[in-house]
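To keep things clear, I will list the structure first and then write my remarks on it.
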Amino acid sequence: MAGILGKKIGMTQIYRENREIAVTAVEAGPCCVIQVKTADKDNYNAVQLGFGESKRLNKPEKGHLKDNGQYRYLRELKIDDIKEFQVGQKIDVGMFKAGDIVNIEGISKGKGFAGGVKRYHFRGGPKTHGQSDRHRAPGSIGSTTTPGRVFKGLRMAGHLGARKVTARNLEIVDVDPAKHLLLLKGAVPGARGGLLIIEKAA
């Protein structure tokens, strides 16, 4: 299996060889295979996993999940060989071991509407020479006649965070199959309780 779904619990620290290591605790799985997609029928091979308990489901969701449980999150993972997977199969953290390298995908913390200084680390304007209201302003955003417009993609104030972020090549420090826990070296995207997709790095 290429990966698993999980939930960020929070950060802590552990000590290894007289060294302090910052780790993120992640509740990974158990996940259930809800659907297996094949190249013949769907034009690609993938496995749809369910994770997290849901208290309420509408009728289409219940029909899709059938008798496999009530899951809050459904995500697809593309897989080359799907022969060893069938609907209802359980997947847990047993697929990982300490020392493995993984990529973690999540939704970053939303910061709302932010200015250029916070969003892109702009320096701001001068604090002297009569500049009383330019301290956090972006400065010039373009010239006049040529090109006579503002280029697309110009860095400006706007919505910060709440987007898909992938942290690559994080090391698994420890695995606890009994509690479905992974300890990952360093930080992972998102807030506590956020959904994560944990995939083995290529």
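Scheme for the structure tokens: letters A, B, ... for chains in order shown; per-chain residue numbers from 1; ligand numbers from 1 in order shown.
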- Query: Leaving out segment 153-168 of chain A and any residue of its chain fewer than 3 positions from it, which residues lie within 7 Å of it when counting only C-alpha atoms, given as a PyMOL selection string?
  - Reply: chain A and resi 102-116+119+188-189
- Counting only C-alpha atoms, what is within 12 Å of Pro126 of chain A, bar same-chain residues fewer than 2 positions away, as an MDAnalysis selection string? chainID A and resid 123:124 128:139
Quick one: write out the picked residues with all heavy atoms as a JSON list (two decimals), in the first residue's frame?
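Generated output (out_18.json):
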```
[["chain", "number", "residue", "atom", "x", "y", "z"],
["A", 123, "ARG", "N", 9.31, 44.07, 3.05],
["A", 123, "ARG", "CA", 10.05, 44.88, 4.03],
["A", 123, "ARG", "C", 9.22, 46.05, 4.54],
["A", 123, "ARG", "O", 9.39, 46.50, 5.67],
["A", 123, "ARG", "CB", 11.33, 45.40, 3.38],
["A", 123, "ARG", "CG", 12.28, 46.06, 4.36],
["A", 123, "ARG", "CD", 13.55, 46.51, 3.68],
["A", 123, "ARG", "NE", 13.29, 47.59, 2.73],
["A", 123, "ARG", "CZ", 14.25, 48.20, 2.06],
["A", 123, "ARG", "NH1", 15.51, 47.82, 2.20],
["A", 123, "ARG", "NH2", 13.96, 49.19, 1.22],
["A", 124, "GLY", "N", 8.31, 46.57, 3.71],
["A", 124, "GLY", "CA", 7.55, 47.76, 4.09],
["A", 124, "GLY", "C", 8.29, 49.03, 3.68],
["A", 124, "GLY", "O", 9.43, 48.97, 3.20],
["A", 128, "THR", "N", 10.76, 56.99, 8.11],
["A", 128, "THR", "CA", 11.17, 58.38, 8.31],
["A", 128, "THR", "C", 10.98, 59.17, 7.02],
["A", 128, "THR", "O", 10.34, 58.68, 6.09],
["A", 128, "THR", "CB", 12.64, 58.44, 8.78],
["A", 128, "THR", "OG1", 13.02, 59.78, 8.99],
["A", 128, "THR", "CG2", 13.56, 57.80, 7.77],
["A", 129, "HIS", "N", 11.51, 60.38, 6.95],
["A", 129, "HIS", "CA", 11.38, 61.25, 5.78],
["A", 129, "HIS", "C", 9.91, 61.53, 5.46],
["A", 129, "HIS", "O", 9.50, 61.52, 4.30],
["A", 129, "HIS", "CB", 12.09, 60.66, 4.57],
["A", 129, "HIS", "CG", 13.57, 60.56, 4.74],
["A", 129, "HIS", "ND1", 14.40, 61.65, 4.76],
["A", 129, "HIS", "CD2", 14.38, 59.48, 4.94],
["A", 129, "HIS", "CE1", 15.65, 61.25, 4.95],
["A", 129, "HIS", "NE2", 15.66, 59.94, 5.07],
["A", 130, "GLY", "N", 9.12, 61.74, 6.49],
["A", 130, "GLY", "CA", 7.73, 62.16, 6.30],
["A", 130, "GLY", "C", 6.78, 61.05, 5.90],
["A", 130, "GLY", "O", 5.63, 61.33, 5.57],
["A", 131, "GLN", "N", 7.24, 59.79, 5.93],
["A", 131, "GLN", "CA", 6.35, 58.68, 5.56],
["A", 131, "GLN", "C", 5.59, 58.25, 6.81],
["A", 131, "GLN", "O", 6.12, 57.54, 7.66],
["A", 131, "GLN", "CB", 7.17, 57.51, 5.01],
["A", 131, "GLN", "CG", 8.02, 57.86, 3.81],
["A", 131, "GLN", "CD", 7.19, 58.11, 2.57],
["A", 131, "GLN", "OE1", 6.22, 57.40, 2.33],
["A", 131, "GLN", "NE2", 7.55, 59.10, 1.78],
["A", 132, "SER", "N", 4.33, 58.65, 6.91],
["A", 132, "SER", "CA", 3.58, 58.37, 8.13],
["A", 132, "SER", "C", 2.64, 57.17, 7.97],
["A", 132, "SER", "O", 2.19, 56.61, 8.95],
["A", 132, "SER", "CB", 2.75, 59.60, 8.51],
["A", 132, "SER", "OG", 1.84, 59.91, 7.49],
["A", 133, "ASP", "N", 2.34, 56.77, 6.72],
["A", 133, "ASP", "CA", 1.35, 55.70, 6.54],
["A", 133, "ASP", "C", 1.83, 54.65, 5.54],
["A", 133, "ASP", "O", 1.03, 53.96, 4.91],
["A", 133, "ASP", "CB", 0.01, 56.28, 6.08],
["A", 133, "ASP", "CG", 0.14, 57.02, 4.75],
["A", 133, "ASP", "OD1", 1.28, 57.27, 4.33],
["A", 133, "ASP", "OD2", -0.90, 57.33, 4.15],
["A", 134, "ARG", "N", 3.15, 54.51, 5.35],
["A", 134, "ARG", "CA", 3.70, 53.59, 4.35],
["A", 134, "ARG", "C", 4.44, 52.41, 4.98],
["A", 134, "ARG", "O", 5.12, 51.68, 4.27],
["A", 134, "ARG", "CB", 4.67, 54.33, 3.41],
["A", 134, "ARG", "CG", 4.13, 55.52, 2.70],
["A", 134, "ARG", "CD", 3.28, 55.14, 1.49],
["A", 134, "ARG", "NE", 1.90, 54.89, 1.84],
["A", 134, "ARG", "CZ", 1.06, 54.20, 1.08],
["A", 134, "ARG", "NH1", 1.47, 53.65, -0.04],
["A", 134, "ARG", "NH2", -0.20, 54.03, 1.45],
["A", 135, "HIS", "N", 4.35, 52.27, 6.31],
["A", 135, "HIS", "CA", 5.21, 51.31, 7.01],
["A", 135, "HIS", "C", 4.98, 49.87, 6.55],
["A", 135, "HIS", "O", 5.93, 49.09, 6.49],
["A", 135, "HIS", "CB", 5.01, 51.41, 8.52],
["A", 135, "HIS", "CG", 5.25, 52.79, 9.06],
["A", 135, "HIS", "ND1", 6.14, 53.67, 8.49],
["A", 135, "HIS", "CD2", 4.70, 53.45, 10.12],
["A", 135, "HIS", "CE1", 6.13, 54.81, 9.16],
["A", 135, "HIS", "NE2", 5.27, 54.69, 10.16],
["A", 136, "ARG", "N", 3.74, 49.51, 6.26],
["A", 136, "ARG", "CA", 3.44, 48.13, 5.86],
["A", 136, "ARG", "C", 2.79, 48.09, 4.47],
["A", 136, "ARG", "O", 2.15, 47.10, 4.11],
["A", 136, "ARG", "CB", 2.54, 47.46, 6.89],
["A", 136, "ARG", "CG", 3.21, 47.34, 8.26],
["A", 136, "ARG", "CD", 2.28, 46.71, 9.28],
["A", 136, "ARG", "NE", 2.09, 45.30, 9.06],
["A", 136, "ARG", "CZ", 2.89, 44.34, 9.55],
["A", 136, "ARG", "NH1", 3.95, 44.66, 10.25],
["A", 136, "ARG", "NH2", 2.64, 43.07, 9.32],
["A", 137, "ALA", "N", 2.97, 49.13, 3.68],
["A", 137, "ALA", "CA", 2.40, 49.18, 2.33],
["A", 137, "ALA", "C", 3.27, 48.39, 1.34],
["A", 137, "ALA", "O", 4.48, 48.24, 1.56],
["A", 137, "ALA", "CB", 2.29, 50.63, 1.87],
["A", 138, "PRO", "N", 2.70, 47.87, 0.25],
["A", 138, "PRO", "CA", 3.48, 47.05, -0.68],
["A", 138, "PRO", "C", 4.40, 47.84, -1.58],
["A", 138, "PRO", "O", 5.31, 47.27, -2.19],
["A", 138, "PRO", "CB", 2.40, 46.35, -1.51],
["A", 138, "PRO", "CG", 1.23, 47.26, -1.45],
["A", 138, "PRO", "CD", 1.27, 47.90, -0.09],
["A", 139, "GLY", "N", 4.19, 49.14, -1.75],
["A", 139, "GLY", "CA", 5.00, 49.91, -2.69],
["A", 139, "GLY", "C", 4.41, 49.84, -4.09],
["A", 139, "GLY", "O", 3.24, 49.53, -4.27]]
```
- Task: Tell me, as a PyMOL selection string, which residues lie within 9 Å of Leu65 of chain A, counting only C-alpha atoms; anything in the same chain fewer than 6 positions away does not count.
- Result: chain A and resi 34-35+50+71
- as a ChimeraX atom specification, list the residues of segment 19-59 of chain A assigned to alpha helix (DSSP H) by DSSP on the backbone atoms of this structure. /A:39-42,59
- Query: DSSP on the backbone: what in segment 1-194 of chain A comes out strand (DSSP E or B), as number ranges by chain?
  - Reply: A: 3-16, 19-28, 31-37, 46-53, 71-78, 90-91, 101-107, 112-114, 158-160, 164-176, 181-185
- Message: So, with only C-alpha atoms as the atoms that count, which of A:Ala202, A:Met1, A:Ala98, A:Val93 lies closest to Gln48 of chain A?
- Response: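 Closest to Gln48 of chain A, using only C-alpha atoms: A:Met1.
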Which residues are close to Leu74 of chain A, i.e. within 12 Å by only C-alpha atoms, leaving aside same-chain residues fewer than 5 positions away? Reply as a PDB file with all heavy atoms, in the first residue's frame.
```pdb
ATOM      1  N   ILE A   4      -1.641   5.954   3.773  1.00  0.00           N
ATOM      2  CA  ILE A   4      -2.737   5.764   4.734  1.00  0.00           C
ATOM      3  C   ILE A   4      -3.234   7.156   5.135  1.00  0.00           C
ATOM      4  O   ILE A   4      -2.530   8.158   4.957  1.00  0.00           O
ATOM      5  CB  ILE A   4      -2.215   4.961   5.965  1.00  0.00           C
ATOM      6  CG1 ILE A   4      -3.365   4.416   6.805  1.00  0.00           C
ATOM      7  CG2 ILE A   4      -1.273   5.798   6.806  1.00  0.00           C
ATOM      8  CD1 ILE A   4      -2.905   3.464   7.891  1.00  0.00           C
ATOM      9  N   LEU A   5      -4.450   7.214   5.670  1.00  0.00           N
ATOM     10  CA  LEU A   5      -4.999   8.472   6.164  1.00  0.00           C
ATOM     11  C   LEU A   5      -4.769   8.578   7.666  1.00  0.00           C
ATOM     12  O   LEU A   5      -4.729   7.564   8.372  1.00  0.00           O
ATOM     13  CB  LEU A   5      -6.496   8.561   5.868  1.00  0.00           C
ATOM     14  CG  LEU A   5      -6.938   8.371   4.418  1.00  0.00           C
ATOM     15  CD1 LEU A   5      -8.443   8.578   4.288  1.00  0.00           C
ATOM     16  CD2 LEU A   5      -6.198   9.310   3.499  1.00  0.00           C
ATOM     17  N   GLY A   6      -4.641   9.797   8.153  1.00  0.00           N
ATOM     18  CA  GLY A   6      -4.408   9.984   9.581  1.00  0.00           C
ATOM     19  C   GLY A   6      -4.902  11.323  10.065  1.00  0.00           C
ATOM     20  O   GLY A   6      -5.417  12.145   9.298  1.00  0.00           O
ATOM     21  N   CYS A  31      -7.729   2.325   8.490  1.00  0.00           N
ATOM     22  CA  CYS A  31      -8.537   2.718   7.343  1.00  0.00           C
ATOM     23  C   CYS A  31      -9.194   1.489   6.728  1.00  0.00           C
ATOM     24  O   CYS A  31      -8.705   0.373   6.874  1.00  0.00           O
ATOM     25  CB  CYS A  31      -7.672   3.415   6.287  1.00  0.00           C
ATOM     26  SG  CYS A  31      -6.941   4.961   6.844  1.00  0.00           S
ATOM     27  N   CYS A  32     -10.286   1.730   6.041  1.00  0.00           N
ATOM     28  CA  CYS A  32     -11.019   0.649   5.381  1.00  0.00           C
ATOM     29  C   CYS A  32     -11.051   0.919   3.885  1.00  0.00           C
ATOM     30  O   CYS A  32     -11.266   2.054   3.459  1.00  0.00           O
ATOM     31  CB  CYS A  32     -12.443   0.560   5.944  1.00  0.00           C
ATOM     32  SG  CYS A  32     -13.455  -0.712   5.154  1.00  0.00           S
ATOM     33  N   VAL A  33     -10.829  -0.117   3.090  1.00  0.00           N
ATOM     34  CA  VAL A  33     -10.925   0.014   1.634  1.00  0.00           C
ATOM     35  C   VAL A  33     -12.409   0.076   1.260  1.00  0.00           C
ATOM     36  O   VAL A  33     -13.151  -0.876   1.464  1.00  0.00           O
ATOM     37  CB  VAL A  33     -10.233  -1.164   0.921  1.00  0.00           C
ATOM     38  CG1 VAL A  33     -10.442  -1.069  -0.589  1.00  0.00           C
ATOM     39  CG2 VAL A  33      -8.746  -1.188   1.259  1.00  0.00           C
ATOM     40  N   ILE A  34     -12.842   1.220   0.746  1.00  0.00           N
ATOM     41  CA  ILE A  34     -14.246   1.427   0.385  1.00  0.00           C
ATOM     42  C   ILE A  34     -14.511   1.081  -1.075  1.00  0.00           C
ATOM     43  O   ILE A  34     -15.564   0.559  -1.427  1.00  0.00           O
ATOM     44  CB  ILE A  34     -14.653   2.895   0.650  1.00  0.00           C
ATOM     45  CG1 ILE A  34     -14.377   3.271   2.120  1.00  0.00           C
ATOM     46  CG2 ILE A  34     -16.108   3.135   0.306  1.00  0.00           C
ATOM     47  CD1 ILE A  34     -15.147   2.445   3.124  1.00  0.00           C
ATOM     48  N   GLN A  35     -13.531   1.366  -1.936  1.00  0.00           N
ATOM     49  CA  GLN A  35     -13.725   1.149  -3.361  1.00  0.00           C
ATOM     50  C   GLN A  35     -12.383   0.875  -4.020  1.00  0.00           C
ATOM     51  O   GLN A  35     -11.366   1.467  -3.635  1.00  0.00           O
ATOM     52  CB  GLN A  35     -14.381   2.390  -3.997  1.00  0.00           C
ATOM     53  CG  GLN A  35     -14.812   2.223  -5.437  1.00  0.00           C
ATOM     54  CD  GLN A  35     -15.477   3.485  -5.975  1.00  0.00           C
ATOM     55  OE1 GLN A  35     -15.427   4.550  -5.345  1.00  0.00           O
ATOM     56  NE2 GLN A  35     -16.087   3.383  -7.133  1.00  0.00           N
ATOM     57  N   VAL A  47      -7.210   3.119  -4.996  1.00  0.00           N
ATOM     58  CA  VAL A  47      -7.954   2.559  -3.861  1.00  0.00           C
ATOM     59  C   VAL A  47      -8.534   3.714  -3.067  1.00  0.00           C
ATOM     60  O   VAL A  47      -7.823   4.668  -2.747  1.00  0.00           O
ATOM     61  CB  VAL A  47      -7.042   1.694  -2.971  1.00  0.00           C
ATOM     62  CG1 VAL A  47      -7.761   1.291  -1.697  1.00  0.00           C
ATOM     63  CG2 VAL A  47      -6.577   0.456  -3.720  1.00  0.00           C
ATOM     64  N   GLN A  48      -9.826   3.646  -2.782  1.00  0.00           N
ATOM     65  CA  GLN A  48     -10.468   4.675  -1.963  1.00  0.00           C
ATOM     66  C   GLN A  48     -10.513   4.193  -0.517  1.00  0.00           C
ATOM     67  O   GLN A  48     -11.012   3.099  -0.235  1.00  0.00           O
ATOM     68  CB  GLN A  48     -11.886   4.955  -2.454  1.00  0.00           C
ATOM     69  CG  GLN A  48     -12.524   6.151  -1.758  1.00  0.00           C
ATOM     70  CD  GLN A  48     -13.951   6.375  -2.209  1.00  0.00           C
ATOM     71  OE1 GLN A  48     -14.829   5.585  -1.894  1.00  0.00           O
ATOM     72  NE2 GLN A  48     -14.170   7.453  -2.949  1.00  0.00           N
ATOM     73  N   LEU A  49      -9.966   5.015   0.387  1.00  0.00           N
ATOM     74  CA  LEU A  49      -9.897   4.661   1.808  1.00  0.00           C
ATOM     75  C   LEU A  49     -10.879   5.505   2.610  1.00  0.00           C
ATOM     76  O   LEU A  49     -11.100   6.686   2.311  1.00  0.00           O
ATOM     77  CB  LEU A  49      -8.489   4.887   2.350  1.00  0.00           C
ATOM     78  CG  LEU A  49      -7.361   4.066   1.735  1.00  0.00           C
ATOM     79  CD1 LEU A  49      -6.032   4.444   2.379  1.00  0.00           C
ATOM     80  CD2 LEU A  49      -7.617   2.579   1.881  1.00  0.00           C
ATOM     81  N   GLY A  50     -11.460   4.904   3.649  1.00  0.00           N
ATOM     82  CA  GLY A  50     -12.314   5.614   4.585  1.00  0.00           C
ATOM     83  C   GLY A  50     -11.623   5.716   5.931  1.00  0.00           C
ATOM     84  O   GLY A  50     -10.984   4.769   6.393  1.00  0.00           O
ATOM     85  N   PHE A  51     -11.768   6.895   6.579  1.00  0.00           N
ATOM     86  CA  PHE A  51     -11.103   7.112   7.872  1.00  0.00           C
ATOM     87  C   PHE A  51     -11.936   8.064   8.709  1.00  0.00           C
ATOM     88  O   PHE A  51     -12.555   8.998   8.196  1.00  0.00           O
ATOM     89  CB  PHE A  51      -9.703   7.702   7.656  1.00  0.00           C
ATOM     90  CG  PHE A  51      -9.026   8.141   8.921  1.00  0.00           C
ATOM     91  CD1 PHE A  51      -8.545   7.213   9.823  1.00  0.00           C
ATOM     92  CD2 PHE A  51      -8.878   9.490   9.218  1.00  0.00           C
ATOM     93  CE1 PHE A  51      -7.923   7.624  10.998  1.00  0.00           C
ATOM     94  CE2 PHE A  51      -8.256   9.904  10.375  1.00  0.00           C
ATOM     95  CZ  PHE A  51      -7.781   8.974  11.271  1.00  0.00           C
ATOM     96  N   GLY A  52     -11.935   7.862  10.018  1.00  0.00           N
ATOM     97  CA  GLY A  52     -12.624   8.757  10.938  1.00  0.00           C
ATOM     98  C   GLY A  52     -14.109   8.448  11.016  1.00  0.00           C
ATOM     99  O   GLY A  52     -14.773   8.276  10.001  1.00  0.00           O
ATOM    100  N   GLU A  53     -14.625   8.411  12.219  1.00  0.00           N
ATOM    101  CA  GLU A  53     -16.036   8.064  12.418  1.00  0.00           C
ATOM    102  C   GLU A  53     -16.939   9.264  12.148  1.00  0.00           C
ATOM    103  O   GLU A  53     -16.652  10.385  12.553  1.00  0.00           O
ATOM    104  CB  GLU A  53     -16.253   7.579  13.854  1.00  0.00           C
ATOM    105  CG  GLU A  53     -17.645   7.017  14.086  1.00  0.00           C
ATOM    106  CD  GLU A  53     -17.834   6.495  15.495  1.00  0.00           C
ATOM    107  OE1 GLU A  53     -16.839   6.438  16.249  1.00  0.00           O
ATOM    108  OE2 GLU A  53     -18.973   6.159  15.843  1.00  0.00           O
ATOM    109  N   SER A  54     -18.023   9.013  11.436  1.00  0.00           N
ATOM    110  CA  SER A  54     -19.018  10.047  11.161  1.00  0.00           C
ATOM    111  C   SER A  54     -20.323   9.672  11.847  1.00  0.00           C
ATOM    112  O   SER A  54     -20.774   8.532  11.765  1.00  0.00           O
ATOM    113  CB  SER A  54     -19.246  10.182   9.655  1.00  0.00           C
ATOM    114  OG  SER A  54     -20.254  11.122   9.395  1.00  0.00           O
ATOM    115  N   GLU A  61     -24.429   8.625   0.770  1.00  0.00           N
ATOM    116  CA  GLU A  61     -23.200   8.223   1.455  1.00  0.00           C
ATOM    117  C   GLU A  61     -23.347   6.825   2.048  1.00  0.00           C
ATOM    118  O   GLU A  61     -22.435   5.999   1.954  1.00  0.00           O
ATOM    119  CB  GLU A  61     -22.855   9.232   2.550  1.00  0.00           C
ATOM    120  CG  GLU A  61     -22.376  10.578   2.012  1.00  0.00           C
ATOM    121  CD  GLU A  61     -22.269  11.649   3.070  1.00  0.00           C
ATOM    122  OE1 GLU A  61     -22.964  11.547   4.101  1.00  0.00           O
ATOM    123  OE2 GLU A  61     -21.503  12.604   2.855  1.00  0.00           O
ATOM    124  N   HIS A  64     -23.077   4.289  -0.700  1.00  0.00           N
ATOM    125  CA  HIS A  64     -21.708   4.115  -1.196  1.00  0.00           C
ATOM    126  C   HIS A  64     -20.870   3.295  -0.217  1.00  0.00           C
ATOM    127  O   HIS A  64     -20.091   2.421  -0.617  1.00  0.00           O
ATOM    128  CB  HIS A  64     -21.074   5.485  -1.417  1.00  0.00           C
ATOM    129  CG  HIS A  64     -19.655   5.416  -1.899  1.00  0.00           C
ATOM    130  ND1 HIS A  64     -19.313   4.926  -3.138  1.00  0.00           N
ATOM    131  CD2 HIS A  64     -18.479   5.762  -1.309  1.00  0.00           C
ATOM    132  CE1 HIS A  64     -18.001   4.977  -3.299  1.00  0.00           C
ATOM    133  NE2 HIS A  64     -17.471   5.483  -2.198  1.00  0.00           N
ATOM    134  N   LEU A  65     -21.042   3.566   1.080  1.00  0.00           N
ATOM    135  CA  LEU A  65     -20.255   2.852   2.096  1.00  0.00           C
ATOM    136  C   LEU A  65     -20.767   1.444   2.350  1.00  0.00           C
ATOM    137  O   LEU A  65     -20.035   0.606   2.874  1.00  0.00           O
ATOM    138  CB  LEU A  65     -20.265   3.648   3.409  1.00  0.00           C
ATOM    139  CG  LEU A  65     -19.516   4.980   3.385  1.00  0.00           C
ATOM    140  CD1 LEU A  65     -19.787   5.765   4.653  1.00  0.00           C
ATOM    141  CD2 LEU A  65     -18.025   4.764   3.213  1.00  0.00           C
ATOM    142  N   GLY A  69     -19.033   0.463   7.362  1.00  0.00           N
ATOM    143  CA  GLY A  69     -18.862   1.393   8.475  1.00  0.00           C
ATOM    144  C   GLY A  69     -19.254   2.799   8.076  1.00  0.00           C
ATOM    145  O   GLY A  69     -19.612   3.070   6.928  1.00  0.00           O
ATOM    146  N   LEU A 195      -6.950  16.459   8.908  1.00  0.00           N
ATOM    147  CA  LEU A 195      -6.734  15.231   8.131  1.00  0.00           C
ATOM    148  C   LEU A 195      -5.380  15.291   7.433  1.00  0.00           C
ATOM    149  O   LEU A 195      -4.993  16.321   6.883  1.00  0.00           O
ATOM    150  CB  LEU A 195      -7.845  15.067   7.095  1.00  0.00           C
ATOM    151  CG  LEU A 195      -7.721  13.841   6.184  1.00  0.00           C
ATOM    152  CD1 LEU A 195      -7.944  12.556   6.967  1.00  0.00           C
ATOM    153  CD2 LEU A 195      -8.700  13.928   5.031  1.00  0.00           C
ATOM    154  N   LEU A 196      -4.672  14.149   7.450  1.00  0.00           N
ATOM    155  CA  LEU A 196      -3.380  14.041   6.783  1.00  0.00           C
ATOM    156  C   LEU A 196      -3.391  12.809   5.872  1.00  0.00           C
ATOM    157  O   LEU A 196      -4.021  11.797   6.182  1.00  0.00           O
ATOM    158  CB  LEU A 196      -2.244  13.884   7.804  1.00  0.00           C
ATOM    159  CG  LEU A 196      -2.037  15.009   8.804  1.00  0.00           C
ATOM    160  CD1 LEU A 196      -1.006  14.595   9.840  1.00  0.00           C
ATOM    161  CD2 LEU A 196      -1.619  16.293   8.106  1.00  0.00           C
ATOM    162  N   ILE A 197      -2.696  12.931   4.746  1.00  0.00           N
ATOM    163  CA  ILE A 197      -2.447  11.770   3.878  1.00  0.00           C
ATOM    164  C   ILE A 197      -0.965  11.443   3.977  1.00  0.00           C
ATOM    165  O   ILE A 197      -0.106  12.277   3.669  1.00  0.00           O
ATOM    166  CB  ILE A 197      -2.840  12.075   2.417  1.00  0.00           C
ATOM    167  CG1 ILE A 197      -4.328  12.411   2.331  1.00  0.00           C
ATOM    168  CG2 ILE A 197      -2.524  10.883   1.524  1.00  0.00           C
ATOM    169  CD1 ILE A 197      -4.797  12.841   0.952  1.00  0.00           C
TER     170      ILE A 197
END
```
- Query: What is the distance, in Å and to one decimal place, between atom CA of Ala187 of chain A and atom CA of Gly10 of chain A?
  - Reply: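 About the pair atom CA of Ala187 of chain A and atom CA of Gly10 of chain A: they are 9.1 Å apart.
With only C-alpha atoms as the basis for measurement, A:Leu170 is the residue among A:Ile9, A:Ala46, A:Ile141, A:Leu170 that approaches Leu184 of chain A most closely.
Going from atom CA of Pro177 of chain A over to atom CA of Gly88 of chain A, you cover 19.6 Å.
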- Query: For Ile91 of chain A, which residue out of A:Ile14, A:Ala28, A:Ala178, A:Ala201 is the nearest one, using only C-alpha atoms?
  - Reply: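 Of all the options, A:Ala28 lies closest to Ile91 of chain A.
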- Quick one: pull the distance between atom CA of Lys152 of chain A and atom CA of Lys118 of chain A, Å, one decimal. 20.3 Å
